[in-house]
>>> print(open('model-v1.cif').read())   # mmCIF, C-alpha atoms
data_start
loop_
_atom_site.group_PDB
_atom_site.id
_atom_site.type_symbol
_atom_site.label_atom_id
_atom_site.label_comp_id
_atom_site.auth_asym_id
_atom_site.auth_seq_id
_atom_site.Cartn_x
_atom_site.Cartn_y
_atom_site.Cartn_z
ATOM 1 C CA MET G 249 50.547 130.893 114.742
ATOM 2 C CA ARG G 250 48.927 134.335 114.567
ATOM 3 C CA ASN G 251 52.092 135.953 115.907
ATOM 4 C CA LEU G 252 54.143 134.139 113.289
ATOM 5 C CA PHE G 253 51.980 135.489 110.471
ATOM 6 C CA LEU G 254 52.180 138.974 111.953
ATOM 7 C CA PHE G 255 55.968 138.704 112.113
ATOM 8 C CA LEU G 256 56.212 137.520 108.488
ATOM 9 C CA PHE G 257 53.851 140.275 107.317
ATOM 10 C CA ARG G 258 55.712 142.943 109.224
ATOM 11 C CA PHE G 259 59.122 142.012 107.854
ATOM 12 C CA ARG G 260 57.943 140.778 104.444
ATOM 13 C CA GLY G 261 60.074 143.291 102.608
ATOM 14 C CA ALA G 262 63.320 142.274 104.305
ATOM 15 C CA LEU G 263 62.529 138.568 103.967
ATOM 16 C CA VAL G 264 61.751 138.821 100.248
ATOM 17 C CA PHE G 265 64.910 140.877 99.718
ATOM 18 C CA SER G 266 67.032 138.284 101.552
ATOM 19 C CA LEU G 267 65.478 135.434 99.565
ATOM 20 C CA LEU G 268 66.157 137.192 96.260
ATOM 21 C CA GLU G 269 69.752 137.897 97.336
ATOM 22 C CA ILE G 270 70.333 134.212 98.110
ATOM 23 C CA ILE G 271 68.839 133.128 94.779
ATOM 24 C CA SER G 272 70.916 135.688 92.872
ATOM 25 C CA LEU G 273 74.104 134.616 94.640
ATOM 26 C CA TYR G 274 73.365 130.965 93.924
ATOM 27 C CA LEU G 275 72.757 131.631 90.212
ATOM 28 C CA PHE G 276 75.879 133.817 90.030
ATOM 29 C CA ILE G 277 78.092 131.098 91.507
ATOM 30 C CA THR G 278 76.647 128.126 89.632
ATOM 31 C CA SER G 279 76.608 129.876 86.242
ATOM 32 C CA ASN G 280 80.258 130.983 86.215
ATOM 33 C CA SER G 281 83.080 128.462 86.472
ATOM 34 C CA TYR G 282 85.592 130.983 87.861
ATOM 35 C CA GLN G 283 83.271 132.228 90.627
ATOM 36 C CA ARG G 284 82.216 128.655 91.415
ATOM 37 C CA ALA G 285 85.825 127.524 91.823
ATOM 38 C CA ALA G 286 86.684 130.603 93.922
ATOM 39 C CA PHE G 287 83.666 130.070 96.175
ATOM 40 C CA PHE G 288 84.333 126.387 96.843
ATOM 41 C CA ASN G 289 88.042 126.973 97.429
ATOM 42 C CA SER G 290 87.290 129.758 99.921
ATOM 43 C CA ALA G 291 84.570 127.738 101.631
ATOM 44 C CA ASN G 292 86.908 124.748 101.853
ATOM 45 C CA SER G 293 89.620 126.914 103.412
ATOM 46 C CA TYR G 294 87.363 128.516 106.067
ATOM 47 C CA ALA G 295 85.659 125.226 106.890
ATOM 48 C CA GLY G 296 89.062 123.610 107.211
ATOM 49 C CA MET G 297 90.221 126.179 109.765
ATOM 50 C CA VAL G 298 87.106 125.663 111.897
ATOM 51 C CA LEU G 299 87.405 121.878 111.718
ATOM 52 C CA ALA G 300 91.117 122.048 112.567
ATOM 53 C CA ARG G 301 90.381 123.996 115.776
ATOM 54 C CA ARG G 302 87.666 121.513 116.725
ATOM 55 C CA THR G 303 90.010 118.602 116.056
ATOM 56 C CA GLN G 304 92.729 120.087 118.267
ATOM 57 C CA ILE G 305 90.303 120.095 121.196
ATOM 58 C CA LEU G 306 89.004 116.574 120.529
ATOM 59 C CA ASP G 307 92.510 115.159 120.065
ATOM 60 C CA TYR G 308 93.369 115.836 123.680
ATOM 61 C CA PHE G 309 90.634 113.456 124.822
ATOM 62 C CA GLN G 310 91.564 110.762 122.268
ATOM 63 C CA LEU G 311 95.284 110.405 122.906
ATOM 64 C CA ALA G 312 95.044 106.833 124.200
ATOM 65 C CA GLU G 313 93.104 105.630 121.154
ATOM 66 C CA MET G 314 95.476 107.433 118.777
ATOM 67 C CA ASN G 315 98.483 105.821 120.421
ATOM 68 C CA GLN G 316 96.933 102.396 119.958
ATOM 69 C CA GLN G 317 96.318 103.068 116.268
ATOM 70 C CA LEU G 318 99.868 104.317 115.764
ATOM 71 C CA ALA G 319 101.279 101.277 117.562
ATOM 72 C CA ALA G 320 99.269 98.932 115.316
ATOM 73 C CA GLU G 321 100.401 100.775 112.194
ATOM 74 C CA ASN G 322 104.039 100.715 113.296
ATOM 75 C CA ALA G 323 103.770 96.974 113.883
ATOM 76 C CA ALA G 324 102.427 96.492 110.345
ATOM 77 C CA LEU G 325 105.224 98.620 108.883
ATOM 78 C CA ARG G 326 107.888 96.705 110.794
ATOM 79 C CA GLN G 327 106.458 93.440 109.541
ATOM 80 C CA GLN G 328 106.916 94.657 105.964
ATOM 81 C CA LEU G 329 110.675 94.848 106.596
ATOM 82 C CA PHE G 330 110.749 91.046 106.447
ATOM 83 C CA PRO G 331 108.650 90.092 103.395
ATOM 84 C CA ALA G 332 108.376 86.461 102.405
ATOM 85 C CA ASP G 333 109.032 87.362 98.748
ATOM 86 C CA SER G 334 112.820 87.418 98.404
ATOM 87 C CA THR G 335 112.622 89.598 95.282
ATOM 88 C CA ARG G 336 111.559 92.516 97.465
ATOM 89 C CA ARG G 337 114.485 92.313 99.898
ATOM 90 C CA GLU G 338 117.406 94.693 99.642
ATOM 91 C CA ALA G 339 120.842 93.192 99.064
ATOM 92 C CA ASP G 340 123.560 93.574 101.705
ATOM 93 C CA SER G 341 126.263 92.856 99.093
ATOM 94 C CA VAL G 342 126.773 93.212 95.358
ATOM 95 C CA ALA G 343 128.566 90.949 92.872
ATOM 96 C CA LEU G 344 131.843 92.100 91.279
ATOM 97 C CA ALA G 345 133.494 90.874 88.107
ATOM 98 C CA PRO G 346 136.261 88.246 88.558
ATOM 99 C CA ALA G 347 139.775 89.637 88.983
ATOM 100 C CA ARG G 348 141.983 89.438 85.884
ATOM 101 C CA ALA G 349 144.661 87.464 87.754
ATOM 102 C CA ASP G 350 142.112 84.873 88.945
ATOM 103 C CA SER G 351 142.404 81.868 86.651
ATOM 104 C CA LEU G 352 139.290 80.287 88.186
ATOM 105 C CA LYS G 353 137.182 83.343 87.330
ATOM 106 C CA ARG G 354 135.540 83.393 90.752
ATOM 107 C CA VAL G 355 132.838 85.962 91.426
ATOM 108 C CA ARG G 356 133.673 88.308 94.285
ATOM 109 C CA TYR G 357 131.168 89.999 96.629
ATOM 110 C CA GLN G 358 131.514 93.370 98.321
ATOM 111 C CA ARG G 359 129.339 95.251 100.793
ATOM 112 C CA PRO G 360 128.161 98.480 99.091
ATOM 113 C CA ALA G 361 128.807 101.873 100.666
ATOM 114 C CA THR G 362 125.105 102.697 100.279
ATOM 115 C CA ARG G 363 122.038 100.605 99.612
ATOM 116 C CA PRO G 364 121.758 99.856 95.871
ATOM 117 C CA ASP G 365 118.858 101.215 93.839
ATOM 118 C CA THR G 366 118.600 97.956 91.865
ATOM 119 C CA LEU G 367 119.192 94.260 92.451
ATOM 120 C CA LEU G 368 120.496 91.727 89.940
ATOM 121 C CA LEU G 369 118.024 88.838 90.055
ATOM 122 C CA GLY G 370 117.946 86.215 87.330
ATOM 123 C CA GLN G 371 120.149 88.438 85.112
ATOM 124 C CA GLN G 372 117.498 91.196 85.309
ATOM 125 C CA LEU G 373 117.732 94.536 87.085
ATOM 126 C CA VAL G 374 114.876 94.931 89.583
ATOM 127 C CA ALA G 375 114.148 98.147 91.464
ATOM 128 C CA ALA G 376 114.957 97.739 95.154
ATOM 129 C CA ARG G 377 112.728 100.658 96.176
ATOM 130 C CA ASP G 378 109.887 102.114 94.117
ATOM 131 C CA PRO G 379 110.104 105.942 94.059
ATOM 132 C CA SER G 380 106.978 106.314 91.935
ATOM 133 C CA TYR G 381 104.619 106.587 94.882
ATOM 134 C CA PRO G 382 105.958 108.958 97.581
ATOM 135 C CA LEU G 383 103.562 109.454 100.519
ATOM 136 C CA ILE G 384 102.321 112.660 102.165
ATOM 137 C CA PRO G 385 101.057 112.062 105.747
ATOM 138 C CA ALA G 386 97.788 113.757 106.708
ATOM 139 C CA ARG G 387 95.331 113.973 109.599
ATOM 140 C CA VAL G 388 91.586 113.445 109.059
ATOM 141 C CA ILE G 389 89.774 116.417 110.620
ATOM 142 C CA ASN G 390 86.299 115.646 109.306
ATOM 143 C CA ASN G 391 84.690 112.418 108.113
ATOM 144 C CA MET G 392 81.239 111.642 106.712
ATOM 145 C CA LEU G 393 79.764 108.134 106.959
ATOM 146 C CA HIS G 394 75.991 108.147 106.685
ATOM 147 C CA ASN G 395 75.323 109.829 103.313
ATOM 148 C CA VAL G 396 75.175 108.282 99.869
ATOM 149 C CA ASP G 397 78.107 110.497 98.839
ATOM 150 C CA ASN G 398 80.642 110.811 101.655
ATOM 151 C CA TYR G 399 83.736 113.019 101.919
ATOM 152 C CA LEU G 400 86.718 113.543 104.225
ATOM 153 C CA THR G 401 88.665 116.702 105.085
ATOM 154 C CA LEU G 402 92.442 116.549 105.577
ATOM 155 C CA ASN G 403 94.802 119.050 107.209
ATOM 156 C CA VAL G 404 97.147 119.274 104.193
ATOM 157 C CA GLY G 405 96.791 121.239 100.974
ATOM 158 C CA SER G 406 98.571 122.684 97.967
ATOM 159 C CA ALA G 407 101.308 124.098 100.212
ATOM 160 C CA ASP G 408 102.195 120.485 101.068
ATOM 161 C CA GLY G 409 102.227 119.328 97.443
ATOM 162 C CA VAL G 410 98.657 118.008 97.310
ATOM 163 C CA VAL G 411 96.697 118.362 94.061
ATOM 164 C CA PRO G 412 93.254 117.048 93.043
ATOM 165 C CA GLY G 413 93.191 113.500 91.715
ATOM 166 C CA LYS G 414 95.750 111.956 94.047
ATOM 167 C CA GLY G 415 94.925 108.750 95.876
ATOM 168 C CA VAL G 416 94.521 108.477 99.652
ATOM 169 C CA VAL G 417 95.394 105.332 101.604
ATOM 170 C CA ALA G 418 95.579 104.330 105.269
ATOM 171 C CA ALA G 419 97.203 101.531 107.226
ATOM 172 C CA GLY G 420 94.142 99.379 106.515
ATOM 173 C CA GLY G 421 93.998 100.025 102.753
ATOM 174 C CA VAL G 422 92.378 102.336 100.202
ATOM 175 C CA VAL G 423 90.504 105.412 101.482
ATOM 176 C CA GLY G 424 89.593 107.554 98.453
ATOM 177 C CA ARG G 425 90.783 110.272 96.067
ATOM 178 C CA VAL G 426 91.488 114.003 96.545
ATOM 179 C CA LYS G 427 88.714 116.188 95.088
ATOM 180 C CA VAL G 428 89.279 119.845 96.070
ATOM 181 C CA VAL G 429 92.403 121.496 97.493
ATOM 182 C CA SER G 430 93.048 124.840 99.203
ATOM 183 C CA ALA G 431 96.377 126.088 100.527
ATOM 184 C CA HIS G 432 96.267 124.076 103.761
ATOM 185 C CA TYR G 433 93.288 121.710 103.460
ATOM 186 C CA ALA G 434 91.961 119.053 101.085
ATOM 187 C CA THR G 435 88.573 117.436 100.552
ATOM 188 C CA VAL G 436 88.626 113.735 99.645
ATOM 189 C CA THR G 437 85.981 111.723 97.837
ATOM 190 C CA SER G 438 85.694 108.703 100.100
ATOM 191 C CA LEU G 439 85.541 105.103 98.945
ATOM 192 C CA LEU G 440 82.068 105.366 100.524
ATOM 193 C CA HIS G 441 80.793 107.463 97.587
ATOM 194 C CA SER G 442 78.316 106.461 94.902
ATOM 195 C CA GLN G 443 80.646 107.589 92.083
ATOM 196 C CA THR G 444 83.859 106.000 93.380
ATOM 197 C CA ARG G 445 85.211 103.155 91.238
ATOM 198 C CA ILE G 446 88.495 101.381 92.027
ATOM 199 C CA ALA G 447 90.121 98.939 89.610
ATOM 200 C CA SER G 448 90.954 95.847 91.664
ATOM 201 C CA LYS G 449 91.887 92.190 91.473
ATOM 202 C CA ILE G 450 91.599 89.013 93.521
ATOM 203 C CA LYS G 451 95.052 88.191 94.858
ATOM 204 C CA ARG G 452 94.738 84.402 94.653
ATOM 205 C CA ASP G 453 94.226 84.152 90.867
ATOM 206 C CA GLY G 454 94.573 87.737 89.573
ATOM 207 C CA THR G 455 90.936 88.053 88.449
ATOM 208 C CA PHE G 456 90.119 91.699 87.694
ATOM 209 C CA GLY G 457 87.063 93.540 88.970
ATOM 210 C CA THR G 458 85.794 96.928 90.119
ATOM 211 C CA ILE G 459 85.122 98.003 93.689
ATOM 212 C CA LYS G 460 82.129 100.265 94.253
ATOM 213 C CA TRP G 461 80.029 101.187 97.283
ATOM 214 C CA GLN G 462 76.325 100.353 97.409
ATOM 215 C CA GLY G 463 75.447 103.219 99.760
ATOM 216 C CA ASP G 464 74.281 101.248 102.794
ATOM 217 C CA ASP G 465 76.946 99.536 104.911
ATOM 218 C CA PRO G 466 80.169 101.547 105.538
ATOM 219 C CA THR G 467 82.074 98.331 106.292
ATOM 220 C CA HIS G 468 81.357 96.568 102.983
ATOM 221 C CA ALA G 469 81.573 97.278 99.253
ATOM 222 C CA LEU G 470 80.663 95.406 96.063
ATOM 223 C CA LEU G 471 83.226 93.730 93.794
ATOM 224 C CA ASP G 472 81.656 94.004 90.343
ATOM 225 C CA ASN G 473 82.408 92.676 86.832
ATOM 226 C CA VAL G 474 83.631 89.225 87.960
ATOM 227 C CA LEU G 475 82.328 86.543 85.580
ATOM 228 C CA ARG G 476 80.268 83.652 86.951
ATOM 229 C CA GLU G 477 82.840 81.172 85.602
ATOM 230 C CA THR G 478 85.385 82.481 88.134
ATOM 231 C CA LYS G 479 85.998 80.207 91.123
ATOM 232 C CA LEU G 480 85.687 82.209 94.342
ATOM 233 C CA VAL G 481 86.670 81.434 97.907
ATOM 234 C CA LYS G 482 85.369 83.215 100.981
ATOM 235 C CA GLY G 483 88.249 85.094 102.582
ATOM 236 C CA ASP G 484 90.059 85.836 99.293
ATOM 237 C CA THR G 485 92.081 89.055 99.411
ATOM 238 C CA VAL G 486 91.118 91.952 97.116
ATOM 239 C CA LEU G 487 93.870 94.393 96.054
ATOM 240 C CA THR G 488 94.237 97.341 93.698
ATOM 241 C CA SER G 489 95.140 96.207 90.175
ATOM 242 C CA SER G 490 97.608 97.422 87.563
ATOM 243 C CA TYR G 491 94.722 99.178 85.786
ATOM 244 C CA ASN G 492 95.042 101.911 88.416
ATOM 245 C CA SER G 493 97.140 104.992 87.824
ATOM 246 C CA VAL G 494 95.978 106.630 91.059
ATOM 247 C CA PHE G 495 96.963 103.827 93.448
ATOM 248 C CA PRO G 496 99.962 101.510 93.352
ATOM 249 C CA GLU G 497 99.218 97.937 92.389
ATOM 250 C CA GLY G 498 98.758 95.607 95.336
ATOM 251 C CA ILE G 499 97.267 98.005 97.920
ATOM 252 C CA PHE G 500 94.893 96.129 100.238
ATOM 253 C CA ILE G 501 91.167 96.863 99.823
ATOM 254 C CA GLY G 502 89.445 94.081 101.745
ATOM 255 C CA ILE G 503 88.485 90.394 101.807
ATOM 256 C CA ILE G 504 85.586 88.584 100.142
ATOM 257 C CA ASP G 505 82.854 88.147 102.732
ATOM 258 C CA SER G 506 80.125 86.527 100.633
ATOM 259 C CA PHE G 507 79.139 85.869 97.009
ATOM 260 C CA VAL G 508 75.994 84.714 95.210
ATOM 261 C CA LYS G 509 74.967 83.997 91.628
ATOM 262 C CA GLU G 510 72.042 86.095 90.474
ATOM 263 C CA PRO G 511 69.831 84.108 88.050
ATOM 264 C CA ASP G 512 69.589 86.942 85.492
ATOM 265 C CA LYS G 513 73.210 88.124 85.555
ATOM 266 C CA ASN G 514 76.476 86.939 84.025
ATOM 267 C CA PHE G 515 78.516 88.219 86.968
ATOM 268 C CA TRP G 516 78.911 87.290 90.601
ATOM 269 C CA THR G 517 77.420 89.521 93.303
ATOM 270 C CA ILE G 518 80.389 89.749 95.683
ATOM 271 C CA ARG G 519 80.452 91.592 99.017
ATOM 272 C CA VAL G 520 83.884 92.676 100.230
ATOM 273 C CA LYS G 521 84.618 93.543 103.849
ATOM 274 C CA LEU G 522 86.725 96.704 103.664
ATOM 275 C CA GLY G 523 90.119 96.833 105.363
ATOM 276 C CA VAL G 524 89.682 100.470 106.443
ATOM 277 C CA ASN G 525 87.425 101.205 109.400
ATOM 278 C CA PHE G 526 85.994 104.544 108.305
ATOM 279 C CA ALA G 527 84.271 105.017 111.673
ATOM 280 C CA ASN G 528 87.596 105.723 113.450
ATOM 281 C CA LEU G 529 89.834 106.821 110.567
ATOM 282 C CA THR G 530 92.478 109.218 111.914
ATOM 283 C CA TYR G 531 95.724 109.218 109.918
ATOM 284 C CA VAL G 532 96.051 108.716 106.161
ATOM 285 C CA TYR G 533 98.668 109.053 103.422
ATOM 286 C CA ILE G 534 98.293 110.832 100.089
ATOM 287 C CA VAL G 535 99.832 108.859 97.229
ATOM 288 C CA THR G 536 101.715 110.685 94.475
ATOM 289 C CA ASN G 537 102.058 108.858 91.170
ATOM 290 C CA ARG G 538 104.738 110.664 89.186
ATOM 291 C CA ASN G 539 103.929 108.721 86.018
ATOM 292 C CA LYS G 540 100.171 109.424 85.968
ATOM 293 C CA PRO G 541 100.247 112.540 83.667
ATOM 294 C CA GLU G 542 102.408 110.730 81.115
ATOM 295 C CA ARG G 543 100.185 107.636 81.193
ATOM 296 C CA ASP G 544 96.939 109.640 80.936
ATOM 297 C CA THR G 545 98.289 111.679 78.001
ATOM 298 C CA LEU G 546 99.352 108.545 76.124
ATOM 299 C CA GLU G 547 96.079 106.708 76.714
ATOM 300 C CA THR G 548 94.009 109.794 75.798
ATOM 301 C CA HIS G 549 95.811 110.063 72.444
ATOM 302 C CA THR G 550 95.293 106.371 71.718
ATOM 303 C CA GLY G 551 91.610 106.500 72.682
ATOM 304 C CA MET G 552 91.897 104.300 75.789
ATOM 305 C CA LEU G 553 91.046 107.209 78.104
ATOM 306 C CA PRO G 554 88.453 109.803 77.004
ATOM 307 C CA LYS G 555 89.379 113.463 77.211
ATOM 308 C CA GLY G 556 88.400 114.790 80.608
ATOM 309 C CA GLY G 557 87.483 111.274 81.677
ATOM 310 C CA ALA G 558 88.211 109.861 85.092
ATOM 311 C CA ARG G 559 90.232 106.724 85.574
ATOM 312 C CA PRO G 560 89.091 104.153 88.183
#
>>> encode(input="model-v1.cif", output="structure tokens")
Amino acid sequence: MRNLFLFLFRFRGALVFSLLEIISLYLFITSNSYQRAAFFNSANSYAGMVLARRTQILDYFQLAEMNQQLAAENAALRQQLFPADSTRREADSVALAPARADSLKRVRYQRPATRPDTLLLGQQLVAARDPSYPLIPARVINNMLHNVDNYLTLNVGSADGVVPGKGVVAAGGVVGRVKVVSAHYATVTSLLHSQTRIASKIKRDGTFGTIKWQGDDPTHALLDNVLRETKLVKGDTVLTSSYNSVFPEGIFIGIIDSFVKEPDKNFWTIRVKLGVNFANLTYVYIVTNRNKPERDTLETHTGMLPKGGARP
């Protein structure tokens, strides 16, 4: 202890100078928006490079596990090629008007040269493929689990078309939303974050609610704002709702694991088992909603969305 005091006394000038430099730098960055943005963008870029090198080394020892995850995801994607809902299937033929010489006015069918963009169902044109949500694949190179506010780092950035505010999904469901972007890396606010709110609904009856994380269990979240009059069933599927402009409607979030009625509340307390296993999250997709700026501008002007406000 005596040697420690002697060391501090001997170098007191340098230590005080260093402390004052750190405080001055902190005040300089936090008091100026331009310097704060430049600092965090630079820090995000350098941290991303270090994490990318570390990930390259670790990937070599995790090839078997990655292959299993990719095989499971490919199986899920192939299964989506045969949906039970016939309105989501693509037509292999299109209807043509009856020939003028045909007195019976019979409808003819012809195989199109290319897949049609729309289908005629019930005299209504329905989009065969939704181009509003193109996906950008990304690799998770850093992932936090045990804090109250958790983040992820991805190996894509502005050079790949990523901008803050975009949604992030995985094969298992919703992951989070992009927060900060550099040229080649992006930081994502995880679903496991105290400020994350996701507009959702119960698939069985369409009841709306809000998903938020309670800060304890990384495998479960809370489905809030569901009235006590709602009939719930354990195992019900929870999806993103149409109130989202970040995520497409119908993206899987999880299943209802348990629910209780609190005596002093008008809402259910519902725990949802999340579809994404954040402990081994490897590959994700960044969702681009082309209509989000138009929708936000309209709703801001009509007072539905406050200026500078964040949508669930």
>>> atom_distance(input="model-v1.cif", atom1="CA of Gly498 (chain G)", atom2="CA of Tyr433 (chain G)")
27.9 Å
>>> closest_residue(input="model-v1.cif", among="G:Leu440, G:Leu318, G:Ile389, G:Ser448", to="Phe495 (chain G)", atoms="only C-alpha atoms")
G:Ser448
>>> residues_near_point(input="model-v1.cif", point="(84.0, 85.1, 92.2)", cutoff="9 Å", atoms="only C-alpha atoms", output="MDAnalysis selection string")
chainID G and resid 450 455 471 474:481 504 507:508 515:518
>>> resolve_selection(input="model-v1.cif", expression="the PyMOL selection byres ((chain G and resi 442) around 9)", output="PyMOL selection string")
chain G and resi 396-398+439-441+443-445+460-463
>>> closest_residue(input="model-v1.cif", among="G:Thr536, G:Asn395, G:Gln317, G:Thr458", to="Gly409 (chain G)", atoms="all atoms listed in the file")
G:Thr536
>>> axis_aligned_box(input="model-v1.cif", around="region 397-406 of chain G", padding_each_side="6 Å", output="lines of an AutoDock Vina configuration file")
center_x = 88.3
center_y = 116.6
center_z = 102.6
size_x = 32.5
size_y = 24.2
size_z = 21.2
>>> residues_around(input="model-v1.cif", residues="Gly424 (chain G)", least_positions_apart="5", cutoff="6 Å", atoms="only C-alpha atoms", output="short mmCIF file (atom, residue, chain, number, x, y, z; two decimals) with C-alpha atoms, in the coordinates of the input")
data_model
loop_
_atom_site.label_atom_id
_atom_site.label_comp_id
_atom_site.auth_asym_id
_atom_site.auth_seq_id
_atom_site.Cartn_x
_atom_site.Cartn_y
_atom_site.Cartn_z
CA VAL G 416 94.52 108.48 99.65
CA THR G 437 85.98 111.72 97.84
CA SER G 438 85.69 108.70 100.10
CA LEU G 439 85.54 105.10 98.94
#
